[in-house]
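Data first, discussion second: the structure below is written as structure tokens.
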Amino acid sequence: MTFDIEDWFHIEFTGSIGNWNSYKPRILQNLERILELLQKRDQPATFFCLGWIADQYPELIKKIDGLGYEIGSHSFDHKLIYTKSRADFEEDLKKSLFSIEDVIGKKVKCFRAPAFSINEKTLWVFEIMNKYGIDTDASVFPGKRDFGGFPAFAPARPVIIEYKGIRLKEFPVNMNNFLGFRFVFSGGGYFRMLPYFLIREFSESSDYLMIYLHPRDLDSEQPLLAGLTAARRFKSYVGLKSCYSKLDKLLTDFKFINLSMACDEIDWQKADTINL
Ligand SMILES: [Zn+2]
């Protein structure tokens, strides 16, 4: 069970940090609802936080950590990885880790890229993650999507990535197969769009499930962000009203774990190794 901690206006990946304070924040109330729900259903989760959010709302990140949830990094500036140079990514990762670790007082060991924007051309990210002590990644979307995706990455299950002598645990987004068609159902717009009975059915038939949601996915009263294409507007705002109750049902019907619990449960000696 994972959440990416960012505000409603962070669906824009090219915006400048300087403008973010001009939007009215909704992160505090939205996150409060998620925390209440997780506590009510007694479920663990991993929260991938933007370094910017840790800088702006240190008390919020302290609270998530204090309640026993796992904290990872979701970058600092929420820019797509494949639009960055290697040096820019390194600078951004360092900044996000500094901000988050300063607030929670412990080492951050897991990462998720904004919009799953790691692909075959940005494999150097794994070297940089390794350099800064990230040993678990959840940034691979093993199929095609608007913001890249990594279709050449075939396994949609936890694997060891080996790259230039570095080993890293990878938890990609899970995909389901139906009549030879691979699709995602467990997060973001896909989760919001599908009726709950299908999400439950697909979840039951999956031996690996990666739920990924954002505070804004549960917020039907958020403003419309200007400048989105019609397609992105649809994907960004469809199904907001029913998302909270779907998540509540899911948390009632299934027992979840966070990333570090998953790391402990998996026998990594037997897991597949992917050489990139
Ligand atoms: Zn994000």
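Going by the structure tokens order, chains are called A, B, ..., each with residues numbered from 1, while ligands are numbered from 1 in the order shown.
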Could you pull the residues within 10 Å of region 132-147 of chain A, counting only C-alpha atoms, minus those fewer than 4 positions along the same chain, as an NGL selection string?
-> :A and (2 or 13 or 48 or 72-74 or 80-82 or 90 or 93-94 or 97 or 107-119 or 126-128 or 151-158 or 160-161 or 166-175 or 182-184 or 210 or 212 or 232 or 259-260 or 263)
Pull the helix (DSSP H, G or I) assignments for region 71-263 of chain A out of DSSP run on the backbone, and list those residues as a PyMOL selection string.
-> chain A and resi 81-83+86-104+114-116+124-131+188-193+196-204+215-218+230-237+240-253+259-263
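Proximity of A:Leu240, A:Ala45, A:Ile61, A:Ile199 to Gln222 (chain A), computed with only C-alpha atoms, is greatest for A:Leu240.
In this comparison, which uses only C-alpha atoms, the residue of A:Lys24, A:Arg41, A:Lys270, A:His10 approaching His78 (chain A) most closely is A:His10.
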Find the residue from A:Ser206, A:Thr252, A:Ser220, A:Ser16 that sits nearest to Gln39 (chain A); use only C-alpha atoms when measuring.
-> A:Thr252
